[in-house]
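Data file: entry_32.cif. Format and content: mmCIF, C-alpha atoms and all ligand atoms.
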data_query
#
loop_
_atom_site.label_atom_id
_atom_site.label_comp_id
_atom_site.auth_asym_id
_atom_site.auth_seq_id
_atom_site.Cartn_x
_atom_site.Cartn_y
_atom_site.Cartn_z
CA MET A 16 -23.32 -25.47 12.15
CA PRO A 17 -20.37 -26.81 14.10
CA ALA A 18 -21.98 -27.48 17.45
CA SER A 19 -18.94 -27.89 19.64
CA THR A 20 -17.04 -24.79 18.56
CA GLY A 21 -19.66 -22.10 18.99
CA ASP A 22 -18.85 -21.12 22.54
CA SER A 23 -15.31 -22.48 22.76
CA GLU A 24 -12.57 -20.21 23.98
CA TYR A 25 -9.81 -22.28 22.38
CA LEU A 26 -7.92 -21.38 19.24
CA SER A 27 -7.93 -24.95 17.92
CA ASP A 28 -11.74 -25.06 18.13
CA LEU A 29 -12.34 -21.60 16.74
CA SER A 30 -9.87 -22.00 13.89
CA PRO A 31 -9.13 -25.68 13.12
CA LYS A 32 -6.41 -24.76 10.63
CA ASP A 33 -4.48 -23.21 13.53
CA LYS A 34 -4.51 -26.45 15.51
CA PRO A 35 -0.74 -27.03 14.95
CA TRP A 36 -0.02 -24.07 17.24
CA ASP A 37 -0.96 -26.18 20.26
CA SER A 38 1.30 -29.11 19.44
CA HIS A 39 4.33 -27.05 18.39
CA ARG A 40 4.11 -24.80 21.43
CA ALA A 41 3.71 -27.89 23.66
CA ILE A 42 6.95 -29.38 22.27
CA ALA A 43 8.57 -25.95 22.69
CA ASP A 44 7.76 -26.23 26.42
CA THR A 45 9.65 -29.53 26.50
CA VAL A 46 12.66 -28.18 24.58
CA GLN A 47 12.68 -25.15 26.87
CA ASN A 48 12.74 -27.42 29.93
CA LEU A 49 15.56 -29.51 28.49
CA TYR A 50 17.65 -26.39 27.87
CA ARG A 51 16.81 -25.19 31.38
CA SER A 52 17.84 -28.48 32.92
CA ALA A 53 21.10 -28.38 30.93
CA ARG A 54 21.69 -24.85 32.29
CA LEU A 55 21.41 -23.31 28.85
CA ASP A 56 19.24 -20.56 30.28
CA LYS A 57 19.91 -18.24 27.38
CA TYR A 58 17.98 -20.58 25.05
CA ALA A 59 15.40 -21.54 27.67
CA ASP A 60 14.59 -17.89 28.37
CA ARG A 61 14.15 -17.07 24.73
CA ILE A 62 11.94 -20.07 23.96
CA GLN A 63 9.90 -19.27 27.06
CA THR A 64 8.79 -16.02 25.40
CA CYS A 65 8.12 -17.52 21.97
CA GLY A 66 4.58 -17.27 20.63
CA LYS A 67 3.09 -16.97 24.09
CA LEU A 68 0.56 -14.43 22.97
CA LEU A 69 -0.92 -14.55 19.47
CA GLU A 70 -2.94 -11.73 18.00
CA PHE A 71 -5.27 -12.81 15.23
CA ALA A 72 -7.26 -10.61 12.90
CA LEU A 73 -10.71 -12.01 12.51
CA ARG A 74 -12.86 -11.41 9.52
CA SER A 75 -16.33 -12.57 8.63
CA ASP A 76 -17.70 -12.69 5.12
CA ASP A 77 -21.31 -12.30 3.94
CA GLN A 78 -22.08 -15.94 4.73
CA GLY A 79 -20.94 -15.40 8.27
CA ASP A 80 -17.85 -17.57 7.82
CA VAL A 81 -15.03 -16.37 9.99
CA SER A 82 -11.38 -16.51 8.99
CA PHE A 83 -8.38 -16.11 11.26
CA LYS A 84 -5.14 -14.52 10.21
CA LEU A 85 -2.14 -14.13 12.43
CA HIS A 86 -1.66 -10.43 12.96
CA SER A 87 1.22 -10.28 15.38
CA ALA A 88 3.27 -12.38 17.74
CA HIS A 89 6.77 -12.50 19.13
CA PHE A 90 9.07 -15.31 18.01
CA CYS A 91 12.35 -16.29 19.67
CA ARG A 92 14.27 -17.45 16.55
CA VAL A 93 16.19 -20.10 18.44
CA ARG A 94 17.37 -22.64 15.84
CA HIS A 95 15.75 -25.66 17.48
CA CYS A 96 12.67 -23.93 18.85
CA PRO A 97 9.80 -26.11 17.59
CA VAL A 98 7.55 -23.10 16.97
CA CYS A 99 10.20 -21.20 15.03
CA GLN A 100 11.32 -24.29 13.12
CA TRP A 101 7.72 -24.85 12.03
CA ARG A 102 7.21 -21.19 11.07
CA ARG A 103 10.50 -21.13 9.17
CA SER A 104 9.60 -24.20 7.15
CA MET A 105 6.15 -22.81 6.33
CA LYS A 106 7.76 -19.59 5.24
CA TRP A 107 10.17 -21.37 2.89
CA GLN A 108 7.39 -23.54 1.48
CA ALA A 109 5.23 -20.47 0.87
CA LYS A 110 8.16 -18.73 -0.82
CA MET A 111 8.80 -21.70 -3.08
CA PHE A 112 5.13 -22.18 -3.95
CA SER A 113 4.77 -18.54 -4.87
CA ALA A 114 7.93 -18.64 -7.01
CA MET A 115 6.77 -21.72 -8.95
CA PRO A 116 4.62 -19.93 -11.58
CA GLU A 117 7.55 -17.66 -12.48
CA ILE A 118 10.00 -20.55 -12.64
CA THR A 119 7.61 -22.54 -14.83
CA GLN A 120 7.14 -19.56 -17.09
CA ALA A 121 10.88 -19.08 -17.49
CA TYR A 122 11.59 -22.79 -17.98
CA PRO A 123 8.36 -24.26 -19.36
CA THR A 124 9.82 -27.57 -20.55
CA HIS A 125 12.17 -28.19 -17.64
CA ARG A 126 11.39 -30.85 -15.08
CA TRP A 127 12.18 -31.46 -11.43
CA ILE A 128 13.99 -34.29 -9.76
CA PHE A 129 14.01 -34.87 -6.02
CA VAL A 130 17.27 -36.33 -4.73
CA THR A 131 18.25 -37.37 -1.22
CA PHE A 132 21.99 -37.57 -0.55
CA THR A 133 23.01 -39.47 2.54
CA VAL A 134 26.16 -40.45 4.38
CA ARG A 135 26.82 -43.12 6.94
CA ASN A 136 25.60 -42.39 10.45
CA CYS A 137 28.14 -40.49 12.48
CA ASP A 138 28.74 -39.78 16.13
CA LEU A 139 26.97 -36.60 17.13
CA VAL A 140 30.25 -34.99 18.21
CA ASP A 141 31.45 -35.31 14.59
CA LEU A 142 28.29 -33.86 13.04
CA ARG A 143 29.69 -30.42 12.26
CA ALA A 144 32.72 -31.88 10.46
CA VAL A 145 30.56 -34.36 8.54
CA VAL A 146 28.09 -31.68 7.43
CA ASP A 147 31.03 -29.54 6.37
CA ASP A 148 32.34 -32.44 4.24
CA MET A 149 28.88 -32.95 2.75
CA ASN A 150 28.66 -29.30 1.77
CA LYS A 151 32.06 -29.46 0.10
CA ALA A 152 31.04 -32.67 -1.66
CA PHE A 153 27.84 -31.08 -2.93
CA LYS A 154 29.84 -28.17 -4.29
CA ARG A 155 32.16 -30.55 -6.15
CA LEU A 156 29.13 -32.44 -7.45
CA SER A 157 27.51 -29.26 -8.74
CA GLN A 158 30.70 -28.39 -10.61
CA LEU A 159 30.93 -31.73 -12.43
CA LYS A 160 30.17 -31.72 -16.12
CA ALA A 161 27.71 -34.53 -15.52
CA PHE A 162 25.68 -32.50 -13.00
CA PRO A 163 22.31 -32.12 -14.73
CA ALA A 164 20.63 -29.33 -12.76
CA ILE A 165 20.50 -25.67 -13.76
CA GLY A 166 19.04 -24.74 -10.38
CA TRP A 167 18.46 -26.38 -7.02
CA ILE A 168 17.32 -25.87 -3.47
CA LYS A 169 18.75 -28.12 -0.81
CA SER A 170 18.11 -28.58 2.86
CA LEU A 171 19.89 -30.40 5.63
CA GLU A 172 17.97 -32.85 7.78
CA VAL A 173 19.46 -34.64 10.78
CA THR A 174 17.73 -37.63 12.30
CA ARG A 175 18.65 -39.51 15.43
CA ASN A 176 19.22 -43.24 15.56
CA ALA A 177 17.17 -44.31 18.56
CA ASP A 178 19.37 -47.31 19.34
CA THR A 179 22.82 -45.80 19.06
CA GLY A 180 22.13 -42.07 19.46
CA GLN A 181 24.17 -41.51 16.31
CA ALA A 182 23.24 -38.78 13.88
CA HIS A 183 22.09 -39.34 10.32
CA PRO A 184 22.63 -36.16 8.33
CA HIS A 185 21.28 -36.00 4.78
CA PHE A 186 20.40 -33.48 2.11
CA HIS A 187 17.03 -33.20 0.43
CA CYS A 188 17.50 -31.54 -2.91
CA LEU A 189 15.02 -30.35 -5.47
CA MET A 190 16.72 -29.90 -8.84
CA LEU A 191 15.56 -28.28 -12.04
CA VAL A 192 16.72 -30.22 -15.11
CA ASP A 193 16.28 -29.93 -18.86
CA SER A 194 13.50 -32.19 -20.12
CA LYS A 195 16.03 -33.74 -22.51
CA TYR A 196 17.76 -35.14 -19.43
CA PHE A 197 15.17 -37.92 -19.33
CA GLY A 198 15.97 -40.57 -21.90
CA GLY A 199 19.03 -38.64 -23.04
CA ARG A 200 22.69 -39.56 -22.99
CA ASN A 201 23.31 -37.53 -19.87
CA TYR A 202 20.67 -39.26 -17.80
CA ILE A 203 22.10 -40.43 -14.47
CA LYS A 204 20.85 -43.71 -13.07
CA GLN A 205 20.52 -44.21 -9.34
CA GLU A 206 23.70 -46.31 -9.18
CA GLU A 207 25.62 -43.60 -11.01
CA TRP A 208 24.33 -40.97 -8.62
CA ARG A 209 25.71 -43.07 -5.80
CA SER A 210 29.17 -43.37 -7.30
CA LEU A 211 29.25 -39.67 -8.22
CA TRP A 212 28.29 -38.77 -4.65
CA GLN A 213 30.89 -41.21 -3.32
CA ARG A 214 33.56 -39.64 -5.50
CA CYS A 215 32.65 -36.11 -4.37
CA LEU A 216 32.51 -37.16 -0.73
CA ARG A 217 35.88 -38.89 -1.11
CA VAL A 218 34.81 -41.83 1.01
CA ASP A 219 35.57 -45.53 0.66
CA TYR A 220 31.96 -46.77 0.88
CA LEU A 221 29.05 -46.40 -1.51
CA PRO A 222 26.61 -43.95 0.10
CA VAL A 223 22.85 -44.19 -0.36
CA VAL A 224 21.28 -41.74 -2.81
CA ASN A 225 17.58 -41.73 -3.63
CA VAL A 226 16.34 -40.15 -6.84
CA LYS A 227 12.76 -39.49 -7.83
CA ALA A 228 11.51 -37.83 -10.98
CA VAL A 229 8.76 -35.37 -10.14
CA LYS A 230 5.69 -35.77 -12.34
CA PRO A 231 4.75 -32.63 -14.23
CA LYS A 232 1.93 -30.64 -12.73
CA LYS A 233 -1.51 -31.83 -13.67
CA ASN A 234 -3.97 -29.40 -15.15
CA LYS A 235 -6.44 -29.98 -12.43
CA ILE A 236 -7.58 -27.86 -9.56
CA THR A 237 -7.55 -30.01 -6.48
CA ASP A 238 -6.84 -29.60 -2.84
CA GLU A 239 -4.38 -32.45 -2.89
CA LEU A 240 -0.74 -31.64 -3.33
CA ASP A 241 0.63 -32.77 -6.65
CA ASP A 242 4.04 -34.37 -7.02
CA ILE A 243 5.96 -31.11 -7.08
CA GLY A 244 3.98 -29.83 -4.11
CA GLN A 245 4.93 -32.89 -2.11
CA ALA A 246 8.57 -32.55 -3.10
CA ILE A 247 8.57 -28.90 -2.02
CA VAL A 248 7.06 -29.77 1.35
CA GLU A 249 9.51 -32.64 1.82
CA THR A 250 12.52 -30.50 0.91
CA LEU A 251 11.52 -27.53 3.03
CA LYS A 252 10.32 -29.22 6.18
CA TYR A 253 11.86 -29.15 9.67
CA SER A 254 15.57 -29.92 9.86
CA VAL A 255 15.27 -32.02 13.01
CA LYS A 256 12.11 -33.98 13.85
CA GLU A 257 10.37 -32.79 17.01
CA GLU A 258 10.49 -36.28 18.52
CA ASP A 259 14.27 -36.31 18.01
CA LEU A 260 14.65 -32.88 19.62
CA VAL A 261 13.07 -34.07 22.85
CA ALA A 262 14.34 -37.66 22.98
CA ASP A 263 17.43 -36.99 25.06
CA GLU A 264 18.77 -33.92 26.83
CA ASP A 265 22.45 -34.56 26.06
CA TRP A 266 21.64 -35.20 22.43
CA LEU A 267 19.78 -31.88 22.12
CA VAL A 268 22.61 -29.99 23.79
CA GLU A 269 25.31 -31.53 21.57
CA LEU A 270 23.16 -31.05 18.46
CA THR A 271 22.79 -27.38 19.35
CA THR A 272 26.56 -27.00 19.57
CA GLN A 273 27.22 -28.96 16.40
CA LEU A 274 24.71 -27.11 14.22
CA HIS A 275 25.35 -23.65 15.63
CA LYS A 276 25.56 -21.21 12.72
CA THR A 277 25.47 -23.92 10.08
CA ARG A 278 23.27 -23.42 7.07
CA ALA A 279 19.99 -25.31 6.88
CA ILE A 280 18.84 -24.31 3.40
CA ALA A 281 20.84 -23.33 0.32
CA ILE A 282 19.80 -22.19 -3.12
CA GLY A 283 21.90 -22.60 -6.24
CA GLY A 284 21.99 -21.91 -9.96
CA VAL A 285 19.10 -20.15 -11.64
CA LEU A 286 16.82 -20.54 -8.62
CA LYS A 287 18.79 -17.71 -7.05
CA ASN A 288 16.96 -15.43 -9.46
CA PHE A 289 13.60 -16.48 -8.07
CA LEU A 290 14.22 -17.05 -4.39
CA LYS A 291 15.96 -14.66 -2.11
CA ASP A 292 17.92 -16.18 0.70
CA GLU A 293 16.94 -14.15 3.72
CA SER A 294 17.76 -16.73 6.34
CA ASP A 295 19.52 -14.11 8.44
CA ASN A 296 16.50 -11.93 8.43
CA ASP A 297 13.64 -14.31 9.05
CA ASP A 298 10.36 -12.56 8.99
CA LEU A 299 8.41 -15.35 10.54
CA ILE A 300 5.17 -13.57 10.85
CA HIS A 301 4.11 -12.48 7.43
CA ILE A 302 4.05 -15.77 5.66
CA GLU A 303 0.38 -16.30 5.30
CA GLU A 304 -1.54 -16.07 2.07
CA LYS A 305 -1.79 -12.67 0.49
CA GLU A 306 -4.74 -10.41 1.09
CA GLU A 307 -7.43 -11.29 -1.38
CA GLU A 308 -9.54 -8.25 -0.88
CA PRO A 309 -8.99 -4.80 0.46
CA GLU A 310 -9.39 -4.63 4.19
CA ILE A 311 -12.72 -3.42 5.39
CA GLU A 312 -12.15 -1.96 8.79
CA GLU A 313 -15.73 -2.45 9.99
CA ASN A 314 -15.49 -6.22 9.71
CA LYS A 315 -12.16 -6.48 11.41
CA ILE A 316 -11.72 -7.54 14.99
CA ASN A 317 -8.47 -8.60 16.59
CA ILE A 318 -8.44 -11.22 19.28
CA PHE A 319 -5.65 -12.49 21.49
CA PHE A 320 -4.87 -16.06 22.45
CA GLY A 321 -2.52 -16.86 25.29
CA TRP A 322 -0.61 -20.12 25.78
CA ARG A 323 -1.92 -22.21 28.68
CA GLU A 324 0.99 -24.38 29.66
CA VAL A 325 -0.93 -26.72 31.95
CA ILE A 326 -3.62 -27.70 29.45
CA LYS A 327 -1.34 -27.24 26.42
CA ARG A 328 -3.78 -25.12 24.46
CA TYR A 329 -4.10 -21.54 23.30
CA ARG A 330 -7.04 -19.88 24.97
CA LYS A 331 -8.78 -16.61 24.27
CA GLN A 332 -7.51 -13.85 26.54
ZN ZN A 401 10.74 -19.77 18.91
#
Would it be possible to restate this file's structure as structure tokens?
Ligand SMILES: [Zn+2]
Amino acid sequence: MPASTGDSEYLSDLSPKDKPWDSHRAIADTVQNLYRSARLDKYADRIQTCGKLLEFALRSDDQGDVSFKLHSAHFCRVRHCPVCQWRRSMKWQAKMFSAMPEITQAYPTHRWIFVTFTVRNCDLVDLRAVVDDMNKAFKRLSQLKAFPAIGWIKSLEVTRNADTGQAHPHFHCLMLVDSKYFGGRNYIKQEEWRSLWQRCLRVDYLPVVNVKAVKPKKNKITDELDDIGQAIVETLKYSVKEEDLVADEDWLVELTTQLHKTRAIAIGGVLKNFLKDESDNDDLIHIEEKEEEPEIEENKINIFFGWREVIKRYRKQ
């Protein structure tokens, strides 16, 4: 029996899988304060209300094991809110994982490749224009005869160079290719990917492109993520690292302007048949695993956890 958690009032003790709530909400406090200090009260006010009170449904099984499931909460949906960014990425990952069996059934012999397309670092004030160029370049690339993917999902990540404050935008892209692509005449080597990307970007330098073939799923039940699982998580993670969000007030403010209403995730080709793009209508709450059994009202209790800003933990109300 877990000795330390029995009488704890804290969410992270009562439900260890919900530990990330504390750290994301703590960073949200920092982002909120940066927006406040920059007089962007509109964002600060919204983040201030985000996930402050969480209602969990609690269920115990015959063995007395208790499981927590988020029942309701309010989310602010600010683009760079650490809580919302985390929820959004979990939602996309869950969507992709649940679409995988259908995709595999429709394309049983196809394989995945995981490609990262980069450009040179740019000044943050140019980020919007650079991302726009990258999107146009990706469109050109996808229209080339040599483009091997029949479907793809791509996300934009922006990192911050700690020395120069410059931005490093790049795409993570998971692509579905015919198995004949490997070892066939149309196979594209890393160097060729780079020159194709250079051509589509219309730049005078050779940009870095990383390509990884994703190993087919093993027939083994294990808790560890397989290759495709890792690629899904990597593709559909945050778009800006939390440490980069809070490194510098001016950087956060300019980033917010530059990325305002830009697209973080895009789906193309046949994957459109399996994944709906509902980025304008984010339902951040209902992303957890499906109900496994019908609800038994007698066993159900809802409890509330409130955010305690001073100690940076969620505590039972
Ligand atoms: Zn939020």
Hey, which residues come within 8 Å of ligand ZN 401 (chain A) if we count all atoms listed in the file? Could you give them as a list of chain:residue names?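 So the residues close to ligand ZN 401 (chain A) are A:Ala43, A:Arg61, A:Ile62, A:Thr64, A:Cys65, A:Gly66, A:Phe90, A:Cys91, A:Arg92, A:Val93, A:Arg94, A:His95, A:Cys96, A:Pro97, A:Val98, A:Cys99, A:Gln100.
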Do a neighbour search on A:Arg74 at 8 Å with all atoms listed in the file, toss out local chain neighbours closer than 4 positions, and write the hits as a list in words.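 Final neighbour list, sorted by chain and number: Val81, Ser82, Phe83, Asn314, Lys315 and Ile316 of chain A.
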For a quick check of understanding, using all atoms listed in the file, which of A:Tyr329, A:Phe153, A:Phe162, A:Phe197 has the smallest distance to A:Leu216?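 Of A:Tyr329, A:Phe153, A:Phe162, A:Phe197, the one nearest A:Leu216 is A:Phe153, counting all atoms listed in the file.
Among A:Leu26, A:Leu211, A:Val285, A:Ala53, the residue with the shortest atom-to-atom distance to A:Trp167, counting only C-alpha atoms, is A:Val285.
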Set the distance at 7 Å and use only C-alpha atoms: which residues neighbour stretch 178-186 of chain A once local chain neighbours fewer than 4 positions away are removed? I'd like the list as a ChimeraX atom specification. /A:131-139,169-174
So, counting only C-alpha atoms, which residue among A:Val255, A:Glu117, A:Asp263, A:Lys227 is closest to A:Ala177?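 For A:Ala177, the nearest of the candidates is A:Asp263.
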Please, what distance in Å, to one decimal, runs between atom CA of A:Lys256 and atom CA of A:Asp141?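 Going from atom CA of A:Lys256 over to atom CA of A:Asp141, I get 19.4 Å.
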Please identify all polymer residues within 12 Å of A:His275, counting only C-alpha atoms, omitting same-chain residues fewer than 5 positions from it, and present them as a ChimeraX atom specification. /A:93-95,142-143,146,267-270
Identify which of the residues A:Asp193, A:Asp76, A:Asp56, A:Asp37 lies closest to A:Ile128, counting all atoms listed in the file when measuring atom-to-atom distances.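 That would be A:Asp193, the residue with the smallest distance to A:Ile128.
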Counting only C-alpha atoms, what is within 6 Å of A:Ala59, bar same-chain residues fewer than 6 positions away, as a list in words?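 These residues fall inside the cut-off: Gln47, Tyr50 and Arg51 of chain A.
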Please provide the set of residues having any atom within 7 Å of stretch 228-231 of chain A, restricted to all atoms listed in the file, with same-chain residues fewer than 3 positions apart removed, written as number ranges by chain. A: 126-129, 242-243
When distances are computed from only C-alpha atoms, which of A:Trp36, A:Tyr25, A:Trp107, A:Trp212 shows the smallest separation from A:Asp148?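 Closest to A:Asp148, using only C-alpha atoms: A:Trp212.
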Closest-contact table, stretch 186-237 of chain A side, partner stretch 155-161 of chain A, 12 Å, counting only C-alpha atoms, as JSON lines:
{"residue": "A:Cys188", "atom": "CA", "partner": "A:Ser157", "partner_atom": "CA", "distance": 11.8}
{"residue": "A:Met190", "atom": "CA", "partner": "A:Ser157", "partner_atom": "CA", "distance": 10.8}
{"residue": "A:Val192", "atom": "CA", "partner": "A:Ala161", "partner_atom": "CA", "distance": 11.8}
{"residue": "A:Tyr196", "atom": "CA", "partner": "A:Ala161", "partner_atom": "CA", "distance": 10.7}
{"residue": "A:Arg200", "atom": "CA", "partner": "A:Ala161", "partner_atom": "CA", "distance": 10.3}
{"residue": "A:Asn201", "atom": "CA", "partner": "A:Ala161", "partner_atom": "CA", "distance": 6.9}
{"residue": "A:Tyr202", "atom": "CA", "partner": "A:Ala161", "partner_atom": "CA", "distance": 8.8}
{"residue": "A:Ile203", "atom": "CA", "partner": "A:Ala161", "partner_atom": "CA", "distance": 8.2}
{"residue": "A:Lys204", "atom": "CA", "partner": "A:Ala161", "partner_atom": "CA", "distance": 11.7}
{"residue": "A:Glu207", "atom": "CA", "partner": "A:Ala161", "partner_atom": "CA", "distance": 10.3}
{"residue": "A:Trp208", "atom": "CA", "partner": "A:Leu156", "partner_atom": "CA", "distance": 9.9}
{"residue": "A:Arg209", "atom": "CA", "partner": "A:Leu156", "partner_atom": "CA", "distance": 11.3}
{"residue": "A:Ser210", "atom": "CA", "partner": "A:Leu156", "partner_atom": "CA", "distance": 10.9}
{"residue": "A:Leu211", "atom": "CA", "partner": "A:Leu156", "partner_atom": "CA", "distance": 7.3}
{"residue": "A:Trp212", "atom": "CA", "partner": "A:Leu156", "partner_atom": "CA", "distance": 7.0}
{"residue": "A:Gln213", "atom": "CA", "partner": "A:Leu156", "partner_atom": "CA", "distance": 9.9}
{"residue": "A:Arg214", "atom": "CA", "partner": "A:Leu156", "partner_atom": "CA", "distance": 8.7}
{"residue": "A:Cys215", "atom": "CA", "partner": "A:Arg155", "partner_atom": "CA", "distance": 5.9}
{"residue": "A:Leu216", "atom": "CA", "partner": "A:Arg155", "partner_atom": "CA", "distance": 8.6}
{"residue": "A:Arg217", "atom": "CA", "partner": "A:Arg155", "partner_atom": "CA", "distance": 10.4}
Please save C-alpha atoms of the selected residues as an mmCIF file, in the frame of the given file.
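Contents of part14.cif, as written:
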data_model
loop_
_atom_site.group_PDB
_atom_site.id
_atom_site.type_symbol
_atom_site.label_atom_id
_atom_site.label_comp_id
_atom_site.auth_asym_id
_atom_site.auth_seq_id
_atom_site.Cartn_x
_atom_site.Cartn_y
_atom_site.Cartn_z
ATOM 1 C CA CYS A 188 17.500 -31.540 -2.910
ATOM 2 C CA MET A 190 16.720 -29.900 -8.840
ATOM 3 C CA VAL A 192 16.720 -30.220 -15.110
ATOM 4 C CA TYR A 196 17.760 -35.140 -19.430
ATOM 5 C CA ARG A 200 22.690 -39.560 -22.990
ATOM 6 C CA ASN A 201 23.310 -37.530 -19.870
ATOM 7 C CA TYR A 202 20.670 -39.260 -17.800
ATOM 8 C CA ILE A 203 22.100 -40.430 -14.470
ATOM 9 C CA LYS A 204 20.850 -43.710 -13.070
ATOM 10 C CA GLU A 207 25.620 -43.600 -11.010
ATOM 11 C CA TRP A 208 24.330 -40.970 -8.620
ATOM 12 C CA ARG A 209 25.710 -43.070 -5.800
ATOM 13 C CA SER A 210 29.170 -43.370 -7.300
ATOM 14 C CA LEU A 211 29.250 -39.670 -8.220
ATOM 15 C CA TRP A 212 28.290 -38.770 -4.650
ATOM 16 C CA GLN A 213 30.890 -41.210 -3.320
ATOM 17 C CA ARG A 214 33.560 -39.640 -5.500
ATOM 18 C CA CYS A 215 32.650 -36.110 -4.370
ATOM 19 C CA LEU A 216 32.510 -37.160 -0.730
ATOM 20 C CA ARG A 217 35.880 -38.890 -1.110
#
Step by step, gather every atom of stretch 270-279 of chain A that the file lists, find the box along x, y and z that holds them, add 5 Å on each side, and finally give centre and edge lengths in Å to one decimal, as lines of an AutoDock Vina configuration file.
center_x = 23.6
center_y = -26.1
center_z = 13.2
size_x = 17.2
size_y = 19.8
size_z = 22.7
Nearest residue to A:Ser113 out of A:Ala144, A:Glu264, A:Asp33, A:Leu290, using all atoms listed in the file?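 With all atoms listed in the file as the atom set, the closest residue is A:Leu290.
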